[in-house]
file start.cif (mmCIF, C-alpha atoms)
data_upload
loop_
_atom_site.group_PDB
_atom_site.id
_atom_site.type_symbol
_atom_site.label_atom_id
_atom_site.label_comp_id
_atom_site.auth_asym_id
_atom_site.auth_seq_id
_atom_site.Cartn_x
_atom_site.Cartn_y
_atom_site.Cartn_z
ATOM 1 C CA MET A 1 75.789 166.888 99.241
ATOM 2 C CA LEU A 2 73.575 164.885 96.856
ATOM 3 C CA GLU A 3 76.515 164.144 94.580
ATOM 4 C CA SER A 4 78.572 162.967 97.568
ATOM 5 C CA LEU A 5 75.814 160.597 98.696
ATOM 6 C CA HIS A 6 75.528 159.139 95.194
ATOM 7 C CA ALA A 7 79.311 158.663 95.123
ATOM 8 C CA ILE A 8 79.199 156.825 98.471
ATOM 9 C CA ASP A 9 76.323 154.708 97.162
ATOM 10 C CA GLU A 10 78.309 153.641 94.103
ATOM 11 C CA ALA A 11 81.515 153.027 96.055
ATOM 12 C CA LEU A 12 79.834 150.823 98.682
ATOM 13 C CA GLY A 13 77.141 149.334 96.458
ATOM 14 C CA LEU A 14 74.431 150.422 98.899
ATOM 15 C CA SER A 15 71.684 149.983 96.324
ATOM 16 C CA ASN A 16 72.327 146.233 96.360
ATOM 17 C CA TRP A 17 71.695 145.864 100.085
ATOM 18 C CA THR A 18 68.192 145.040 101.300
ATOM 19 C CA SER A 19 66.652 146.417 104.477
ATOM 20 C CA ARG A 20 66.657 142.958 106.026
ATOM 21 C CA GLN A 21 70.364 142.489 105.333
ATOM 22 C CA ILE A 22 71.182 145.881 106.852
ATOM 23 C CA ALA A 23 69.068 145.064 109.919
ATOM 24 C CA ILE A 24 70.758 141.707 110.506
ATOM 25 C CA ILE A 25 74.252 143.179 110.092
ATOM 26 C CA THR A 26 73.341 145.982 112.501
ATOM 27 C CA ALA A 27 72.055 143.541 115.125
ATOM 28 C CA ILE A 28 75.213 141.435 114.860
ATOM 29 C CA THR A 29 77.465 144.513 115.096
ATOM 30 C CA LEU A 30 75.658 145.795 118.181
ATOM 31 C CA GLY A 31 75.902 142.324 119.711
ATOM 32 C CA LEU A 32 79.673 142.337 119.232
ATOM 33 C CA LEU A 33 79.884 145.712 120.986
ATOM 34 C CA TYR A 34 77.535 144.696 123.791
ATOM 35 C CA ARG A 35 80.192 143.751 126.323
ATOM 36 C CA HIS A 36 82.384 146.757 125.573
ATOM 37 C CA GLU A 37 81.262 149.291 128.187
ATOM 38 C CA LYS A 38 83.954 151.720 129.323
ATOM 39 C CA TRP A 39 83.737 154.951 131.336
ATOM 40 C CA GLY A 40 80.068 154.190 131.954
ATOM 41 C CA ILE A 41 79.228 154.520 128.244
ATOM 42 C CA ARG A 42 77.218 151.878 126.418
ATOM 43 C CA TRP A 43 79.041 151.951 123.106
ATOM 44 C CA TYR A 44 76.458 149.942 121.188
ATOM 45 C CA SER A 45 73.765 152.461 122.138
ATOM 46 C CA LEU A 46 76.060 155.336 121.208
ATOM 47 C CA LEU A 47 76.869 153.800 117.805
ATOM 48 C CA HIS A 48 73.203 153.347 116.941
ATOM 49 C CA ALA A 49 72.277 156.852 118.105
ATOM 50 C CA ILE A 50 75.057 158.455 116.048
ATOM 51 C CA LEU A 51 74.290 156.463 112.903
ATOM 52 C CA SER A 52 70.506 156.853 113.042
ATOM 53 C CA GLY A 53 70.437 160.441 114.265
ATOM 54 C CA TYR A 54 73.134 162.022 112.153
ATOM 55 C CA LEU A 55 72.548 159.974 108.985
ATOM 56 C CA SER A 56 68.918 161.058 109.247
ATOM 57 C CA LEU A 57 70.058 164.674 109.616
ATOM 58 C CA ILE A 58 72.209 164.368 106.482
ATOM 59 C CA CYS A 59 69.313 162.838 104.550
ATOM 60 C CA VAL A 60 66.791 165.447 105.704
ATOM 61 C CA TRP A 61 69.195 168.256 104.833
ATOM 62 C CA THR A 62 69.774 166.752 101.379
ATOM 63 C CA SER A 63 66.059 166.289 100.731
ATOM 64 C CA TYR A 64 65.322 169.859 101.803
ATOM 65 C CA HIS A 65 67.793 171.257 99.284
ATOM 66 C CA HIS A 66 67.365 168.815 96.407
ATOM 67 C CA ALA A 67 63.862 167.323 96.502
ATOM 68 C CA PRO A 68 61.434 168.913 93.997
ATOM 69 C CA SER A 69 58.906 171.372 95.374
ATOM 70 C CA SER A 70 56.091 169.113 94.138
ATOM 71 C CA ALA A 71 57.413 166.086 96.057
ATOM 72 C CA THR A 72 54.823 163.691 97.518
ATOM 73 C CA LEU A 73 54.925 160.804 99.976
ATOM 74 C CA CYS A 74 55.178 158.373 97.071
ATOM 75 C CA ASP A 75 58.281 159.776 95.373
ATOM 76 C CA GLY A 76 60.475 157.127 96.973
ATOM 77 C CA PRO A 77 63.853 157.547 98.694
ATOM 78 C CA LEU A 78 66.091 160.253 97.216
ATOM 79 C CA THR A 79 69.245 158.174 97.843
ATOM 80 C CA SER A 80 70.112 154.705 99.131
ATOM 81 C CA LEU A 81 71.033 156.298 102.444
ATOM 82 C CA HIS A 82 67.422 157.443 102.808
ATOM 83 C CA ARG A 83 66.413 153.795 102.463
ATOM 84 C CA ILE A 84 68.965 152.023 104.662
ATOM 85 C CA THR A 85 69.047 154.423 107.640
ATOM 86 C CA PRO A 86 65.652 153.215 108.978
ATOM 87 C CA ALA A 87 66.903 149.644 108.425
ATOM 88 C CA ILE A 88 69.719 150.367 110.893
ATOM 89 C CA THR A 89 67.120 151.173 113.540
ATOM 90 C CA LEU A 90 65.197 148.070 112.481
ATOM 91 C CA GLY A 91 68.316 146.086 113.395
ATOM 92 C CA TYR A 92 68.585 147.960 116.688
ATOM 93 C CA GLY A 93 65.010 146.938 117.494
ATOM 94 C CA LEU A 94 65.864 143.313 116.730
ATOM 95 C CA PHE A 95 68.913 143.570 118.989
ATOM 96 C CA ASP A 96 66.748 145.069 121.756
ATOM 97 C CA ILE A 97 64.320 142.145 121.563
ATOM 98 C CA LEU A 98 67.077 139.526 121.676
ATOM 99 C CA GLU A 99 68.822 141.298 124.561
ATOM 100 C CA ALA A 100 65.613 141.508 126.600
ATOM 101 C CA MET A 101 64.806 137.829 126.017
ATOM 102 C CA LEU A 102 68.302 136.412 126.564
ATOM 103 C CA LYS A 103 69.031 138.556 129.631
ATOM 104 C CA SER A 104 65.509 138.254 131.097
ATOM 105 C CA LEU A 105 65.281 142.037 131.319
ATOM 106 C CA PRO A 106 62.137 143.816 132.619
ATOM 107 C CA ARG A 107 59.107 143.864 130.354
ATOM 108 C CA ASP A 108 59.504 147.539 129.396
ATOM 109 C CA PHE A 109 62.843 146.728 127.731
ATOM 110 C CA LEU A 110 61.157 144.073 125.628
ATOM 111 C CA LEU A 111 58.268 146.397 124.777
ATOM 112 C CA HIS A 112 60.724 149.081 123.652
ATOM 113 C CA GLY A 113 62.399 146.608 121.310
ATOM 114 C CA VAL A 114 59.097 145.299 119.945
ATOM 115 C CA ALA A 115 57.798 148.832 119.338
ATOM 116 C CA THR A 116 61.008 149.950 117.609
ATOM 117 C CA PHE A 117 61.207 146.807 115.498
ATOM 118 C CA GLY A 118 57.506 146.871 114.638
ATOM 119 C CA VAL A 119 57.448 150.494 113.505
ATOM 120 C CA MET A 120 60.586 150.219 111.390
ATOM 121 C CA ALA A 121 59.523 146.864 109.931
ATOM 122 C CA TYR A 122 56.227 148.411 108.822
ATOM 123 C CA PHE A 123 57.913 151.129 106.792
ATOM 124 C CA CYS A 124 60.746 148.958 105.475
ATOM 125 C CA GLU A 125 58.527 146.055 104.428
ATOM 126 C CA TYR A 126 56.052 148.350 102.671
ATOM 127 C CA HIS A 127 59.014 150.016 100.901
ATOM 128 C CA ILE A 128 58.326 153.496 102.286
ATOM 129 C CA PRO A 129 61.243 153.920 104.751
ATOM 130 C CA GLU A 130 61.861 157.490 103.637
ATOM 131 C CA ILE A 131 58.590 158.544 105.314
ATOM 132 C CA VAL A 132 59.738 157.556 108.806
ATOM 133 C CA LEU A 133 63.346 158.634 108.181
ATOM 134 C CA PRO A 134 62.987 162.253 109.477
ATOM 135 C CA PHE A 135 61.704 160.936 112.799
ATOM 136 C CA LEU A 136 65.075 159.339 113.468
ATOM 137 C CA LEU A 137 66.260 162.895 114.135
ATOM 138 C CA MET A 138 65.030 162.144 117.644
ATOM 139 C CA GLU A 139 68.071 159.901 118.097
ATOM 140 C CA ILE A 140 70.353 162.956 118.095
ATOM 141 C CA SER A 141 69.283 163.636 121.666
ATOM 142 C CA THR A 142 70.040 160.010 122.535
ATOM 143 C CA VAL A 143 73.721 160.652 121.775
ATOM 144 C CA HIS A 144 73.824 163.073 124.689
ATOM 145 C CA LEU A 145 71.668 160.794 126.838
ATOM 146 C CA VAL A 146 74.272 158.030 126.502
ATOM 147 C CA PHE A 147 76.979 160.427 127.705
ATOM 148 C CA MET A 148 74.914 161.348 130.777
ATOM 149 C CA LYS A 149 76.365 158.325 132.604
ATOM 150 C CA ALA A 150 79.972 158.955 131.521
ATOM 151 C CA THR A 151 82.276 158.560 134.492
ATOM 152 C CA ASN A 152 85.252 160.374 132.955
ATOM 153 C CA PHE A 153 83.432 163.708 132.485
ATOM 154 C CA SER A 154 84.159 166.703 134.689
ATOM 155 C CA GLU A 155 81.330 168.665 136.325
ATOM 156 C CA GLN A 156 81.552 171.260 133.549
ATOM 157 C CA MET A 157 81.449 168.626 130.802
ATOM 158 C CA VAL A 158 78.451 166.973 132.421
ATOM 159 C CA GLY A 159 76.668 170.335 132.539
ATOM 160 C CA VAL A 160 77.395 171.098 128.869
ATOM 161 C CA ASN A 161 76.300 167.628 127.775
ATOM 162 C CA MET A 162 73.116 167.897 129.837
ATOM 163 C CA ALA A 163 72.320 171.257 128.258
ATOM 164 C CA MET A 164 72.833 169.770 124.792
ATOM 165 C CA PHE A 165 70.588 166.840 125.688
ATOM 166 C CA VAL A 166 67.794 169.130 126.867
ATOM 167 C CA LEU A 167 68.071 171.365 123.790
ATOM 168 C CA THR A 168 68.136 168.511 121.277
ATOM 169 C CA PHE A 169 65.364 166.625 123.095
ATOM 170 C CA PHE A 170 62.954 169.532 123.088
ATOM 171 C CA PHE A 171 63.884 170.738 119.585
ATOM 172 C CA PHE A 172 63.702 167.425 117.746
ATOM 173 C CA ARG A 173 61.302 165.369 119.856
ATOM 174 C CA LEU A 174 58.798 168.024 120.905
ATOM 175 C CA MET A 175 58.976 170.520 118.026
ATOM 176 C CA VAL A 176 60.352 169.220 114.716
ATOM 177 C CA CYS A 177 59.025 165.663 114.729
ATOM 178 C CA PRO A 178 55.490 166.449 115.996
ATOM 179 C CA TYR A 179 55.240 169.145 113.300
ATOM 180 C CA LEU A 180 56.314 166.726 110.560
ATOM 181 C CA TRP A 181 53.957 164.069 111.910
ATOM 182 C CA TRP A 182 51.004 166.451 111.849
ATOM 183 C CA GLN A 183 51.732 167.485 108.252
ATOM 184 C CA ILE A 184 51.403 163.859 107.149
ATOM 185 C CA VAL A 185 48.260 163.435 109.269
ATOM 186 C CA LYS A 186 46.715 166.354 107.394
ATOM 187 C CA THR A 187 47.754 164.892 104.048
ATOM 188 C CA THR A 188 46.461 161.377 104.652
ATOM 189 C CA LEU A 189 43.509 161.915 106.983
ATOM 190 C CA LEU A 190 42.218 165.440 106.585
ATOM 191 C CA ASP A 191 42.924 166.062 102.897
ATOM 192 C CA GLY A 192 41.759 162.609 101.828
ATOM 193 C CA ASP A 193 44.606 162.013 99.368
ATOM 194 C CA VAL A 194 44.772 158.300 100.138
ATOM 195 C CA GLU A 195 41.112 157.737 99.296
ATOM 196 C CA GLU A 196 41.433 159.692 96.071
ATOM 197 C CA GLY A 197 44.297 157.482 94.914
ATOM 198 C CA SER A 198 46.912 160.210 94.614
ATOM 199 C CA LEU A 199 49.208 158.291 96.966
ATOM 200 C CA PRO A 200 49.110 154.749 95.521
ATOM 201 C CA CYS A 201 52.258 153.631 97.375
ATOM 202 C CA LEU A 202 50.499 153.794 100.754
ATOM 203 C CA PRO A 203 48.453 150.846 102.049
ATOM 204 C CA TRP A 204 44.885 151.595 103.087
ATOM 205 C CA HIS A 205 45.765 151.246 106.779
ATOM 206 C CA PHE A 206 48.712 153.642 106.639
ATOM 207 C CA LYS A 207 46.747 156.651 107.898
ATOM 208 C CA TYR A 208 45.548 154.747 110.979
ATOM 209 C CA PHE A 209 48.993 153.336 111.696
ATOM 210 C CA TRP A 210 50.537 156.774 111.288
ATOM 211 C CA LEU A 211 48.015 158.394 113.614
ATOM 212 C CA LEU A 212 48.571 155.742 116.300
ATOM 213 C CA PHE A 213 52.349 155.907 115.877
ATOM 214 C CA GLY A 214 52.394 159.662 116.424
ATOM 215 C CA LEU A 215 49.982 159.699 119.346
ATOM 216 C CA ILE A 216 52.023 157.098 121.231
ATOM 217 C CA PHE A 217 55.492 158.479 120.549
ATOM 218 C CA ASN A 218 54.529 162.132 120.970
ATOM 219 C CA GLY A 219 52.764 161.227 124.203
ATOM 220 C CA LEU A 220 55.824 159.388 125.504
ATOM 221 C CA ASN A 221 58.139 162.242 124.531
ATOM 222 C CA SER A 222 55.874 164.714 126.307
ATOM 223 C CA TYR A 223 55.936 162.539 129.414
ATOM 224 C CA TRP A 224 59.744 162.362 129.348
ATOM 225 C CA GLY A 225 59.867 166.095 128.670
ATOM 226 C CA VAL A 226 58.165 166.731 132.016
ATOM 227 C CA LYS A 227 60.623 164.354 133.723
ATOM 228 C CA ILE A 228 63.541 166.231 132.160
ATOM 229 C CA ILE A 229 62.233 169.600 133.375
ATOM 230 C CA LEU A 230 61.944 168.227 136.919
ATOM 231 C CA LYS A 231 65.452 166.805 136.667
ATOM 232 C CA VAL A 232 66.920 170.124 135.483
ATOM 233 C CA LEU A 233 65.119 172.028 138.236
ATOM 234 C CA ARG A 234 66.692 169.759 140.857
ATOM 235 C CA LYS A 235 70.113 170.415 139.339
ATOM 236 C CA VAL A 236 69.862 174.204 139.137
ATOM 237 C CA THR A 237 68.366 174.533 142.636
ATOM 238 C CA GLY A 238 71.172 172.472 144.144
ATOM 239 C CA LYS A 239 68.905 169.652 145.364
ATOM 240 C CA GLU A 240 70.881 167.242 143.227
ATOM 241 C CA LYS A 241 74.546 167.321 142.242
ATOM 242 C CA MET A 242 75.460 167.662 138.580
ATOM 243 C CA LYS A 243 76.916 164.132 138.367
ATOM 244 C CA GLU A 244 74.254 162.550 140.551
ATOM 245 C CA GLY A 245 71.315 160.420 139.403
ATOM 246 C CA ASN A 246 71.620 161.176 135.683
ATOM 247 C CA SER A 247 69.166 158.535 134.558
ATOM 248 C CA LEU A 248 65.734 160.192 134.165
ATOM 249 C CA LYS A 249 64.202 157.323 136.131
ATOM 250 C CA GLU A 250 63.600 159.721 138.991
ATOM 251 C CA SER A 251 60.832 162.276 138.636
#
call {"tool": "encode", "arguments": {"input": "start.cif", "output": "structure tokens"}}
result
Amino acid sequence: MLESLHAIDEALGLSNWTSRQIAIITAITLGLLYRHEKWGIRWYSLLHAILSGYLSLICVWTSYHHAPSSATLCDGPLTSLHRITPAITLGYGLFDILEAMLKSLPRDFLLHGVATFGVMAYFCEYHIPEIVLPFLLMEISTVHLVFMKATNFSEQMVGVNMAMFVLTFFFFRLMVCPYLWWQIVKTTLLDGDVEEGSLPCLPWHFKYFWLLFGLIFNGLNSYWGVKIILKVLRKVTGKEKMKEGNSLKES
């Protein structure tokens, strides 16, 4: 896998692309896809979810098998893909902000874009994108969330997709990512490595930013987890049809 990623890097010249360039290209691409909504699917959202979620999965898998056992937070990205994948989400955040402002969308849409852009900009601008990269695994569940509104799915397909959404949501957002977040909290806050200078790549405020980032996103995911459980219970008890109200806005 590592050799394949290096081959892709050389073929596409990924090492020459900056995070800002990737973000701008992503925002433009999503803008071009914005009006293309067919079968109830928002294709720009689906494209971002697939790229961020599954590229992150490839990178995490590669790091697990090829990173040295003594790896630290300051080892840098293993491949160019580890570096540019968070930049794709940075571009998605920029697109979110522009969409909310130009379309006069509700404030929560704008806040979502600002939060996404702000978090990704922090890691990209401080040249530590590989630290936040594993947390893009959460986007794998978003792939199935996008398909929840598909109008060309049968009842059985809707049920299978919903099951996949629930499984990926709880596995990645409520198990894997909180665990990874806590490991870095222990390293930077509880073990005191930042103060001792063993992690010189991290700014002094990283540990506070990381703690706040995790508390907010883990709290939001827990909140949505409860909403999902209530939604599933309505489906299995027959109070709500399988293809009815698949938007999580109802509790």
call {"tool": "closest_residue", "arguments": {"input": "start.cif", "among": "A:Ala49, A:Ala23, A:Val60, A:Val160", "to": "Gly93 of chain A", "atoms": "all atoms listed in the file"}}
result
A:Ala23
call {"tool": "closest_residue", "arguments": {"input": "start.cif", "among": "A:Gly31, A:Gly118, A:Pro134, A:Gly91", "to": "Trp181 of chain A", "atoms": "only C-alpha atoms"}}
result
A:Pro134
call {"tool": "atom_distance", "arguments": {"input": "start.cif", "atom1": "atom CA of Ala27 of chain A", "atom2": "atom CA of His144 of chain A"}}
result
21.8 Å
call {"tool": "residues_around", "arguments": {"input": "start.cif", "residues": "Ala67 of chain A", "least_positions_apart": "4", "cutoff": "12 Å", "atoms": "all atoms listed in the file", "output": "count of residues only"}}
result
14
call {"tool": "atom_distance", "arguments": {"input": "start.cif", "atom1": "atom CA of Arg35 of chain A", "atom2": "atom CA of Phe109 of chain A"}}
result
17.7 Å
call {"tool": "closest_residue", "arguments": {"input": "start.cif", "among": "A:Gln21, A:Asn218, A:Gln156, A:Thr29", "to": "Leu174 of chain A", "atoms": "only C-alpha atoms"}}
result
A:Asn218
call {"tool": "residues_around", "arguments": {"input": "start.cif", "residues": "Trp210 of chain A", "least_positions_apart": "4", "cutoff": "8 Å", "atoms": "all atoms listed in the file", "output": "PDB file with C-alpha atoms, keeping the file's coordinate frame"}}
result
ATOM      1  CA  VAL A 185      48.260 163.435 109.269  1.00  0.00           C
ATOM      2  CA  PHE A 206      48.712 153.642 106.639  1.00  0.00           C
ATOM      3  CA  GLY A 214      52.394 159.662 116.424  1.00  0.00           C
TER       4      GLY A 214
END
call {"tool": "resolve_selection", "arguments": {"input": "start.cif", "expression": "the PyMOL selection byres ((chain A and resi 117) around 9)", "output": "list in words"}}
result
Thr89, Leu90, Gly91, Tyr92, Gly93, Leu94, Asp96, Ile97, His112, Gly113, Val114, Ala115, Thr116, Gly118, Val119, Met120, Ala121 and Tyr122 of chain A
call {"tool": "write_last_selection", "arguments": {"input": "start.cif", "atoms": "C-alpha atoms", "output": "compact mmCIF listing (two decimals), in the frame of the given file"}}
result
# COMPACT_ATOMS: atom_id res chain seq x y z
CA THR A 89 67.12 151.17 113.54
CA LEU A 90 65.20 148.07 112.48
CA GLY A 91 68.32 146.09 113.40
CA TYR A 92 68.58 147.96 116.69
CA GLY A 93 65.01 146.94 117.49
CA LEU A 94 65.86 143.31 116.73
CA ASP A 96 66.75 145.07 121.76
CA ILE A 97 64.32 142.15 121.56
CA HIS A 112 60.72 149.08 123.65
CA GLY A 113 62.40 146.61 121.31
CA VAL A 114 59.10 145.30 119.94
CA ALA A 115 57.80 148.83 119.34
CA THR A 116 61.01 149.95 117.61
CA GLY A 118 57.51 146.87 114.64
CA VAL A 119 57.45 150.49 113.50
CA MET A 120 60.59 150.22 111.39
CA ALA A 121 59.52 146.86 109.93
CA TYR A 122 56.23 148.41 108.82
call {"tool": "atom_distance", "arguments": {"input": "start.cif", "atom1": "atom CA of Leu167 of chain A", "atom2": "atom CA of His66 of chain A"}}
result
27.5 Å
call {"tool": "closest_atom_pairs", "arguments": {"input": "start.cif", "of": "segment 79-175 of chain A", "to": "segment 226-231 of chain A", "cutoff": "12 Å", "atoms": "all atoms listed in the file", "output": "Markdown table"}}
result
| residue | atom | partner | partner_atom | distance |
| --- | --- | --- | --- | --- |
| A:Leu145 | CA | A:Ile228 | CA | 11.1 |
| A:Met162 | CA | A:Ile228 | CA | 10.0 |
| A:Ala163 | CA | A:Ile228 | CA | 10.8 |
| A:Phe165 | CA | A:Ile228 | CA | 9.6 |
| A:Val166 | CA | A:Ile228 | CA | 7.4 |
| A:Leu167 | CA | A:Ile228 | CA | 10.8 |
| A:Phe169 | CA | A:Ile228 | CA | 9.3 |
| A:Phe170 | CA | A:Ile228 | CA | 9.7 |
| A:Leu174 | CA | A:Val226 | CA | 11.2 |
call {"tool": "closest_residue", "arguments": {"input": "start.cif", "among": "A:Ser222, A:Lys235, A:Leu98, A:Cys124", "to": "Met175 of chain A", "atoms": "only C-alpha atoms"}}
result
A:Ser222
